[in-house]
$ cat start.cif   # mmCIF, C-alpha atoms
data_start
#
loop_
_atom_site.group_PDB
_atom_site.id
_atom_site.type_symbol
_atom_site.label_atom_id
_atom_site.label_comp_id
_atom_site.auth_asym_id
_atom_site.auth_seq_id
_atom_site.Cartn_x
_atom_site.Cartn_y
_atom_site.Cartn_z
ATOM 1 C CA ALA G 225 92.037 111.963 133.109
ATOM 2 C CA TRP G 226 95.012 110.476 134.891
ATOM 3 C CA GLU G 227 98.736 110.992 135.098
ATOM 4 C CA THR G 228 100.671 108.212 133.367
ATOM 5 C CA GLU G 229 104.359 107.614 134.013
ATOM 6 C CA VAL G 230 106.564 106.101 131.320
ATOM 7 C CA VAL G 231 109.057 103.728 132.939
ATOM 8 C CA GLU G 232 112.510 103.246 131.455
ATOM 9 C CA ASP G 233 112.702 99.471 131.846
ATOM 10 C CA PRO G 234 109.811 97.002 131.310
ATOM 11 C CA ARG G 235 111.224 95.039 134.234
ATOM 12 C CA ASP G 236 110.090 97.901 136.473
ATOM 13 C CA LEU G 237 106.541 96.602 136.082
ATOM 14 C CA GLU G 238 105.449 94.269 138.846
ATOM 15 C CA PRO G 239 102.638 91.741 138.320
ATOM 16 C CA PRO G 240 99.822 92.041 137.743
ATOM 17 C CA TYR G 241 100.208 94.057 134.549
ATOM 18 C CA THR G 242 98.919 93.979 130.975
ATOM 19 C CA VAL G 243 100.814 93.415 127.726
ATOM 20 C CA LEU G 244 99.279 94.931 124.590
ATOM 21 C CA CYS G 245 100.385 93.673 121.185
ATOM 22 C CA ARG G 246 99.759 94.758 117.612
ATOM 23 C CA THR G 247 99.112 91.220 116.349
ATOM 24 C CA ASN G 248 97.996 87.770 117.469
ATOM 25 C CA ALA G 249 101.517 86.563 116.678
ATOM 26 C CA GLY G 250 102.817 89.264 119.000
ATOM 27 C CA VAL G 251 100.663 87.854 121.802
ATOM 28 C CA VAL G 252 102.285 84.445 121.275
ATOM 29 C CA ASP G 253 105.745 86.017 121.226
ATOM 30 C CA ALA G 254 105.041 87.941 124.432
ATOM 31 C CA LEU G 255 103.733 84.821 126.166
ATOM 32 C CA VAL G 256 106.770 82.696 125.348
ATOM 33 C CA SER G 257 109.161 85.564 126.099
ATOM 34 C CA LEU G 258 107.764 86.569 129.502
ATOM 35 C CA VAL G 259 106.946 82.992 130.595
ATOM 36 C CA PRO G 260 104.184 83.818 133.089
ATOM 37 C CA LYS G 261 102.967 81.159 135.479
ATOM 38 C CA ARG G 262 99.387 82.370 135.127
ATOM 39 C CA ALA G 263 98.248 84.307 132.058
ATOM 40 C CA TYR G 264 94.924 85.607 130.865
ATOM 41 C CA VAL G 265 94.431 86.131 127.126
ATOM 42 C CA TYR G 266 91.601 88.329 125.878
ATOM 43 C CA GLY G 267 89.674 86.330 123.335
ATOM 44 C CA GLY G 268 91.144 83.037 124.589
ATOM 45 C CA VAL G 269 93.985 80.916 123.213
ATOM 46 C CA ASP G 270 92.068 78.958 120.558
ATOM 47 C CA GLU G 271 92.802 81.614 117.920
ATOM 48 C CA LEU G 272 96.491 81.676 118.895
ATOM 49 C CA ILE G 273 96.758 77.882 118.726
ATOM 50 C CA ARG G 274 95.112 77.895 115.305
ATOM 51 C CA LEU G 275 97.620 80.522 114.139
ATOM 52 C CA LEU G 276 100.587 78.445 115.345
ATOM 53 C CA GLU G 277 99.287 75.244 113.795
ATOM 54 C CA ASP G 278 98.600 76.955 110.462
ATOM 55 C CA ALA G 279 102.016 78.628 110.466
ATOM 56 C CA GLU G 280 103.726 75.299 111.109
ATOM 57 C CA ALA G 281 101.740 73.625 108.308
ATOM 58 C CA LEU G 282 102.759 76.492 106.030
ATOM 59 C CA ARG G 283 106.409 76.033 106.991
ATOM 60 C CA ARG G 284 106.284 72.260 106.352
ATOM 61 C CA GLY G 285 104.328 72.588 103.114
ATOM 62 C CA GLU G 286 101.496 70.471 104.509
ATOM 63 C CA PRO G 287 97.768 70.750 103.685
ATOM 64 C CA ARG G 288 95.957 73.596 105.429
ATOM 65 C CA PRO G 289 92.248 72.753 105.614
ATOM 66 C CA ASN G 290 91.442 75.690 107.906
ATOM 67 C CA PRO G 291 93.868 78.582 107.313
ATOM 68 C CA HIS G 292 94.079 81.272 109.958
ATOM 69 C CA PRO G 293 92.681 84.646 108.747
ATOM 70 C CA ASP G 294 96.095 86.279 109.292
ATOM 71 C CA LEU G 295 97.701 83.776 106.882
ATOM 72 C CA VAL G 296 94.868 82.919 104.525
ATOM 73 C CA LEU G 297 96.406 84.719 101.514
ATOM 74 C CA LEU G 298 99.781 82.962 101.818
ATOM 75 C CA GLU G 299 100.526 79.878 99.753
ATOM 76 C CA SER G 300 104.003 79.051 101.053
ATOM 77 C CA TRP G 301 106.538 79.793 103.774
ATOM 78 C CA ASP G 302 108.512 81.723 101.173
ATOM 79 C CA ASP G 303 105.537 84.062 100.830
ATOM 80 C CA LEU G 304 105.621 84.668 104.576
ATOM 81 C CA MET G 305 109.362 85.382 104.517
ATOM 82 C CA VAL G 306 108.880 87.917 101.725
ATOM 83 C CA LEU G 307 106.241 89.662 103.835
ATOM 84 C CA ALA G 308 108.602 89.656 106.812
ATOM 85 C CA GLU G 309 111.809 90.717 105.060
ATOM 86 C CA GLU G 310 110.619 92.905 102.206
ATOM 87 C CA VAL G 311 107.389 94.398 103.554
ATOM 88 C CA GLY G 312 108.004 94.186 107.305
ATOM 89 C CA ASP G 313 104.500 92.850 107.984
ATOM 90 C CA PRO G 314 104.221 92.596 111.810
ATOM 91 C CA THR G 315 102.566 89.157 111.865
ATOM 92 C CA ALA G 316 104.986 87.663 109.361
ATOM 93 C CA SER G 317 107.992 89.233 111.116
ATOM 94 C CA VAL G 318 107.041 87.782 114.496
ATOM 95 C CA LEU G 319 106.271 84.321 113.083
ATOM 96 C CA ALA G 320 109.583 84.280 111.197
ATOM 97 C CA SER G 321 111.393 85.160 114.429
ATOM 98 C CA LEU G 322 109.547 82.449 116.371
ATOM 99 C CA ALA G 323 110.295 79.904 113.630
ATOM 100 C CA SER G 324 114.012 80.632 113.975
ATOM 101 C CA ALA G 325 113.828 79.914 117.696
ATOM 102 C CA TYR G 326 111.487 76.894 117.816
ATOM 103 C CA ALA G 327 111.686 73.722 115.746
ATOM 104 C CA ASP G 328 107.915 73.214 115.831
ATOM 105 C CA LEU G 329 105.591 76.196 116.162
ATOM 106 C CA ALA G 330 102.612 73.959 116.847
ATOM 107 C CA SER G 331 104.379 72.584 119.937
ATOM 108 C CA LEU G 332 104.020 76.005 121.565
ATOM 109 C CA ALA G 333 100.278 75.387 121.730
ATOM 110 C CA SER G 334 100.645 73.026 124.698
ATOM 111 C CA TYR G 335 102.611 75.678 126.581
ATOM 112 C CA LEU G 336 99.945 78.295 125.957
ATOM 113 C CA ALA G 337 97.235 75.964 127.183
ATOM 114 C CA SER G 338 99.217 75.153 130.329
ATOM 115 C CA VAL G 339 99.627 78.744 131.568
ATOM 116 C CA VAL G 340 96.305 80.340 130.615
ATOM 117 C CA VAL G 341 93.741 80.813 133.396
ATOM 118 C CA PRO G 342 90.013 81.396 132.816
ATOM 119 C CA ARG G 343 89.707 84.545 134.960
ATOM 120 C CA GLU G 344 91.624 87.800 134.503
ATOM 121 C CA ALA G 345 91.696 88.334 138.270
ATOM 122 C CA ASP G 346 93.802 85.160 138.694
ATOM 123 C CA ALA G 347 96.501 86.136 136.180
ATOM 124 C CA GLU G 348 99.878 87.689 136.912
ATOM 125 C CA ILE G 349 100.055 89.004 133.333
ATOM 126 C CA VAL G 350 97.153 89.847 130.999
ATOM 127 C CA PHE G 351 97.679 89.683 127.227
ATOM 128 C CA SER G 352 95.629 91.328 124.502
ATOM 129 C CA THR G 353 95.871 92.808 121.040
ATOM 130 C CA ALA G 354 95.325 96.553 120.704
ATOM 131 C CA HIS G 355 92.104 95.870 118.788
ATOM 132 C CA LYS G 356 90.612 93.891 121.665
ATOM 133 C CA ALA G 357 91.802 96.482 124.218
ATOM 134 C CA LYS G 358 89.594 99.289 122.901
ATOM 135 C CA GLY G 359 87.522 100.674 125.772
ATOM 136 C CA MET G 360 89.617 98.887 128.431
ATOM 137 C CA GLU G 361 91.989 100.381 131.020
ATOM 138 C CA TRP G 362 94.668 98.887 133.263
ATOM 139 C CA PRO G 363 96.991 100.371 135.919
ATOM 140 C CA GLN G 364 100.164 99.066 134.236
ATOM 141 C CA VAL G 365 100.676 98.431 130.518
ATOM 142 C CA LEU G 366 103.608 97.122 128.503
ATOM 143 C CA LEU G 367 103.484 97.768 124.747
ATOM 144 C CA TRP G 368 104.991 94.807 122.939
ATOM 145 C CA GLU G 369 107.550 95.212 120.176
ATOM 146 C CA ASP G 370 105.391 94.293 117.195
ATOM 147 C CA PHE G 371 103.990 97.826 116.823
ATOM 148 C CA PRO G 372 105.497 99.423 113.682
ATOM 149 C CA ARG G 373 107.534 102.538 114.486
ATOM 150 C CA VAL G 374 105.167 104.887 112.676
ATOM 151 C CA TRP G 375 106.509 108.018 114.379
ATOM 152 C CA ASP G 376 109.894 107.528 112.695
ATOM 153 C CA PRO G 377 110.219 109.639 109.494
ATOM 154 C CA LYS G 378 112.242 106.917 107.749
ATOM 155 C CA VAL G 379 109.641 104.254 108.502
ATOM 156 C CA ARG G 380 106.842 106.553 107.353
ATOM 157 C CA GLN G 381 108.636 107.165 104.068
ATOM 158 C CA VAL G 382 109.134 103.422 103.522
ATOM 159 C CA ILE G 383 105.380 102.907 103.884
ATOM 160 C CA LEU G 384 104.501 105.820 101.589
ATOM 161 C CA ASP G 385 106.988 104.668 98.947
ATOM 162 C CA ARG G 386 105.755 101.089 99.032
ATOM 163 C CA TYR G 387 101.995 101.647 99.104
ATOM 164 C CA GLY G 388 101.678 105.038 97.415
ATOM 165 C CA PRO G 389 100.459 108.321 98.912
ATOM 166 C CA SER G 390 96.771 107.439 99.307
ATOM 167 C CA GLU G 391 97.032 103.855 100.587
ATOM 168 C CA GLY G 392 100.184 104.648 102.547
ATOM 169 C CA ARG G 393 98.566 107.523 104.439
ATOM 170 C CA ALA G 394 95.529 105.371 105.183
ATOM 171 C CA LEU G 395 97.790 102.637 106.569
ATOM 172 C CA LEU G 396 99.752 105.141 108.659
ATOM 173 C CA TRP G 397 96.512 106.565 110.027
ATOM 174 C CA GLN G 398 95.355 103.077 111.001
ATOM 175 C CA GLU G 399 98.631 102.246 112.736
ATOM 176 C CA GLU G 400 98.758 105.631 114.486
ATOM 177 C CA ASN G 401 95.283 105.116 115.887
ATOM 178 C CA LEU G 402 96.077 101.604 117.094
ATOM 179 C CA LEU G 403 99.216 102.852 118.820
ATOM 180 C CA TYR G 404 97.230 105.695 120.382
ATOM 181 C CA VAL G 405 94.606 103.248 121.654
ATOM 182 C CA ALA G 406 97.276 100.995 123.152
ATOM 183 C CA ALA G 407 99.333 103.767 124.758
ATOM 184 C CA THR G 408 96.299 105.357 126.408
ATOM 185 C CA ARG G 409 95.117 102.140 128.072
ATOM 186 C CA ALA G 410 97.677 102.697 130.879
ATOM 187 C CA MET G 411 96.354 104.593 133.901
ATOM 188 C CA ARG G 412 99.522 104.632 136.021
ATOM 189 C CA LEU G 413 102.588 103.091 134.345
ATOM 190 C CA LEU G 414 103.434 102.627 130.654
ATOM 191 C CA ALA G 415 106.481 100.668 129.465
ATOM 192 C CA THR G 416 107.602 100.115 125.889
ATOM 193 C CA HIS G 417 109.821 97.688 124.064
ATOM 194 C CA LEU G 418 111.751 99.162 121.144
ATOM 195 C CA PRO G 419 109.462 98.242 118.239
ATOM 196 C CA ILE G 420 110.392 96.408 115.067
ATOM 197 C CA PRO G 421 111.264 98.519 111.998
ATOM 198 C CA TRP G 422 109.036 98.405 108.930
ATOM 199 C CA GLY G 423 110.654 96.569 106.079
ATOM 200 C CA ARG G 424 114.167 95.813 104.947
ATOM 201 C CA GLU G 425 115.110 99.451 104.339
ATOM 202 C CA ALA G 426 114.524 100.453 107.947
ATOM 203 C CA SER G 427 116.065 97.221 109.214
ATOM 204 C CA SER G 428 119.252 97.608 107.194
ATOM 205 C CA GLN G 429 119.643 101.222 108.303
ATOM 206 C CA ARG G 430 119.294 100.184 111.917
ATOM 207 C CA GLU G 431 121.950 97.501 111.449
ATOM 208 C CA ARG G 432 124.305 100.113 109.980
ATOM 209 C CA GLY G 433 124.142 102.144 113.144
ATOM 210 C CA GLY G 434 120.606 103.368 113.633
ATOM 211 C CA LEU G 435 118.030 105.393 111.778
ATOM 212 C CA GLU G 436 118.693 109.016 111.017
ATOM 213 C CA SER G 437 118.164 111.132 114.105
ATOM 214 C CA SER G 438 115.348 113.614 114.307
ATOM 215 C CA PRO G 439 116.046 117.119 115.654
ATOM 216 C CA ARG G 440 116.578 116.825 119.398
ATOM 217 C CA THR G 441 114.117 118.579 121.663
ATOM 218 C CA PRO G 442 115.898 120.588 124.391
ATOM 219 C CA LYS G 443 114.839 119.493 127.870
ATOM 220 C CA GLU G 444 113.797 123.044 128.749
ATOM 221 C CA ASP G 445 111.373 123.063 125.797
ATOM 222 C CA LEU G 446 109.446 120.030 127.008
ATOM 223 C CA PRO G 447 105.956 120.687 128.421
ATOM 224 C CA PRO G 448 105.414 120.920 132.199
ATOM 225 C CA LEU G 449 104.394 117.808 134.096
ATOM 226 C CA GLU G 450 101.676 119.547 136.087
ATOM 227 C CA GLY G 451 98.146 120.242 135.011
ATOM 228 C CA PRO G 452 95.064 118.334 133.831
ATOM 229 C CA GLY G 453 94.577 116.971 130.361
ATOM 230 C CA ASP G 454 93.233 114.111 128.279
ATOM 231 C CA PRO G 455 95.080 110.756 128.092
ATOM 232 C CA LEU G 456 97.090 111.874 125.056
ATOM 233 C CA GLU G 457 98.374 114.945 126.911
ATOM 234 C CA ALA G 458 99.061 112.784 129.968
ATOM 235 C CA ALA G 459 101.156 110.436 127.822
ATOM 236 C CA LYS G 460 103.114 113.405 126.431
ATOM 237 C CA ARG G 461 103.770 114.720 129.949
ATOM 238 C CA ALA G 462 104.871 111.259 131.071
ATOM 239 C CA LEU G 463 107.346 111.024 128.191
ATOM 240 C CA ALA G 464 108.599 114.506 129.001
ATOM 241 C CA GLY G 465 109.187 113.391 132.579
ATOM 242 C CA ALA G 466 111.187 110.379 131.477
ATOM 243 C CA LEU G 467 113.318 112.562 129.181
ATOM 244 C CA ARG G 468 113.908 115.115 131.928
ATOM 245 C CA HIS G 469 115.064 112.350 134.213
ATOM 246 C CA GLY G 470 118.149 111.889 132.019
ATOM 247 C CA ASN G 471 120.685 109.051 132.161
ATOM 248 C CA LEU G 472 118.798 107.132 129.466
ATOM 249 C CA PRO G 473 120.555 104.856 126.977
ATOM 250 C CA PRO G 474 120.990 106.864 123.759
ATOM 251 C CA ASP G 475 118.818 104.554 121.653
ATOM 252 C CA LEU G 476 115.992 104.641 124.215
ATOM 253 C CA GLU G 477 116.191 108.425 124.553
ATOM 254 C CA GLU G 478 116.011 108.796 120.772
ATOM 255 C CA GLU G 479 112.975 106.498 120.564
ATOM 256 C CA LEU G 480 111.205 108.398 123.375
ATOM 257 C CA ARG G 481 111.886 111.719 121.652
ATOM 258 C CA ARG G 482 110.487 110.397 118.372
ATOM 259 C CA LEU G 483 107.422 109.058 120.196
ATOM 260 C CA TRP G 484 106.891 112.399 121.955
ATOM 261 C CA GLY G 485 107.044 114.177 118.590
ATOM 262 C CA PHE G 486 104.588 111.673 117.121
ATOM 263 C CA LEU G 487 102.099 112.172 119.982
ATOM 264 C CA ASP G 488 102.471 115.938 119.717
ATOM 265 C CA LYS G 489 101.690 115.756 116.006
ATOM 266 C CA LEU G 490 98.773 113.375 116.599
ATOM 267 C CA ALA G 491 97.224 115.880 118.993
ATOM 268 C CA ARG G 492 96.932 118.468 116.216
ATOM 269 C CA PRO G 493 93.797 118.509 114.008
ATOM 270 C CA SER G 494 95.850 118.108 110.829
ATOM 271 C CA SER G 495 97.742 115.018 112.046
ATOM 272 C CA THR G 496 95.661 112.463 110.144
ATOM 273 C CA SER G 497 96.286 114.121 106.801
ATOM 274 C CA ASP G 498 100.091 113.582 106.932
#
$ encode --input "start.cif" --output "C-alpha cells"
Amino acid sequence: AWETEVVEDPRDLEPPYTVLCRTNAGVVDALVSLVPKRAYVYGGVDELIRLLEDAEALRRGEPRPNPHPDLVLLESWDDLMVLAEEVGDPTASVLASLASAYADLASLASYLASVVVPREADAEIVFSTAHKAKGMEWPQVLLWEDFPRVWDPKVRQVILDRYGPSEGRALLWQEENLLYVAATRAMRLLATHLPIPWGREASSQRERGGLESSPRTPKEDLPPLEGPGDPLEAAKRALAGALRHGNLPPDLEEELRRLWGFLDKLARPSSTSD
C-alpha cells in the first residue's frame, strides 16, 4: 500500500504524469486540451483517429464504411446530440463539445500523430482509458473530466430513473468500479477535473447554481492521515488531508466531500447493492 495525496490543482502535476479517461473521446479531448509535446497513448492512436474520422463523417452525413464501435449504433449526428444532451453519454458529450470547438474533427488526427511517441519512457504525458489502465500504476495521475459523477445523489437518481432499478444499479456499479480502478492507479499524487454531469437534469441543475449539497462532513470527523491501508483507504485519507487543508474553492470542496462519501460507501460490503 502507499500514501496518495490529492492535489487541489491539476497544474500542480509536473511531467511526466498520466491522464486517465473514461472514454476514447476523453483521451482525444485530454490530448488537445493539454497540448503535450510528447505523448504516449496506451493502445496507440489508430483507434482514436478512426473515432474522429467516423464522428466527422457522422456530422457531415457522409457514408461510414467502417463505423467506430463507440458510434456503430448511431445513424445521424442528431442521434449523437440526443445521447449527449438527453442521456449524458460520456463519449457523445465529449464529441459534441469537440465538434463545437473544431470545424473538422478528422483534422485533429494529424495533430495526434504528430505528438505521439512510440515509447512511454519518452513521453511527458501518458494517456489511457480506465479500462486499459487495469493492473497499471503511476506516480502521478490526473483523472479526466469524462467520468460521470456517480457519487452525486442527484446523478445517481437520474440514472436510476432513466434505466430502471435493475439496469440502473448495474450501470452505477460498472461506473463505480471504473472510477475506483482509475483513482487507485496513483501511487503518489492524484488530481481530478470536475467531471461532467449525467444528462440534462443534472446539467440544468448545475447551471441554476449547483447540485443540491450533501450533508457536510465536519473536519474533526474525517479519518486520520496516519496508518496503513489498502489503496481505497489511502485515497480516502488523501481526500481527508485535502479537506483539512482548507481554503478550497466551494465547488471543489463540495466535490471532494461527495467523492470521499462515495469512496467510504464503496468500501462497505453492501456498496454494490445500492
$ resolve_selection --input "start.cif" --expression "the PyMOL selection byres ((chain G and resi 239) around 9)" --output "short mmCIF file (atom, residue, chain, number, x, y, z; two decimals) with C-alpha atoms, keeping the file's coordinate frame"
data_model
loop_
_atom_site.label_atom_id
_atom_site.label_comp_id
_atom_site.auth_asym_id
_atom_site.auth_seq_id
_atom_site.Cartn_x
_atom_site.Cartn_y
_atom_site.Cartn_z
CA LEU G 237 106.54 96.60 136.08
CA GLU G 238 105.45 94.27 138.85
CA PRO G 240 99.82 92.04 137.74
CA TYR G 241 100.21 94.06 134.55
CA THR G 242 98.92 93.98 130.98
CA ALA G 347 96.50 86.14 136.18
CA GLU G 348 99.88 87.69 136.91
CA ILE G 349 100.06 89.00 133.33
CA GLN G 364 100.16 99.07 134.24
#
$ resolve_selection --input "start.cif" --expression "the PyMOL selection byres ((chain G and resi 306-320) around 7)" --output "JSON, numbers by chain"
{"G": [247, 249, 250, 302, 303, 304, 305, 321, 322, 323, 324, 370, 422, 423, 424]}
$ closest_residue --input "start.cif" --among "G:Ala263, G:Gln381, G:Arg386, G:Leu403" --to "Glu344 in chain G" --atoms "all atoms listed in the file"
G:Ala263
$ closest_residue --input "start.cif" --among "G:Lys378, G:Arg274, G:Arg412, G:Arg343" --to "Pro363 in chain G" --atoms "only C-alpha atoms"
G:Arg412
$ residues_near_point --input "start.cif" --point "(106.4, 79.9, 120.4)" --cutoff "6 Å" --atoms "all atoms listed in the file" --output "PyMOL selection string"
chain G and resi 256+322+329+332
$ resolve_selection --input "start.cif" --expression "the PyMOL selection byres ((chain G and resi 279) around 8)" --output "PyMOL selection string"
chain G and resi 275-278+280-283+295+319+329-330
$ atom_distance --input "start.cif" --atom1 "CA of Phe371 in chain G" --atom2 "CA of Ala406 in chain G"
9.8 Å
$ closest_residue --input "start.cif" --among "G:Val405, G:Leu384, G:Asp270, G:Trp362" --to "Ala337 in chain G" --atoms "only C-alpha atoms"
G:Asp270
$ axis_aligned_box --input "start.cif" --around "range 349-361 of chain G" --padding-each-side "4 Å" --output "lines of an AutoDock Vina configuration file"
center_x = 93.8
center_y = 94.8
center_z = 126.1
size_x = 20.5
size_y = 19.7
size_z = 22.5
$ closest_residue --input "start.cif" --among "G:Asn290, G:Ser334, G:Thr408, G:Asn248" --to "Lys358 in chain G" --atoms "all atoms listed in the file"
G:Thr408
$ closest_residue --input "start.cif" --among "G:Leu396, G:Leu336, G:Ala357, G:Leu258" --to "Arg373 in chain G" --atoms "all atoms listed in the file"
G:Leu396
$ atom_distance --input "start.cif" --atom1 "CA of Val259 in chain G" --atom2 "CA of Val340 in chain G"
11.0 Å
$ closest_residue --input "start.cif" --among "G:Leu244, G:Leu298, G:Ile273, G:Ala333" --to "Gly285 in chain G" --atoms "all atoms listed in the file"
G:Leu298
$ atom_distance --input "start.cif" --atom1 "CA of Glu286 in chain G" --atom2 "CA of Tyr266 in chain G"
29.6 Å
$ residues_around --input "start.cif" --residues "Val339 in chain G" --least-positions-apart "6" --cutoff "8 Å" --atoms "all atoms listed in the file" --output "list in words"
Pro260, Lys261, Arg262 and Ala263 of chain G
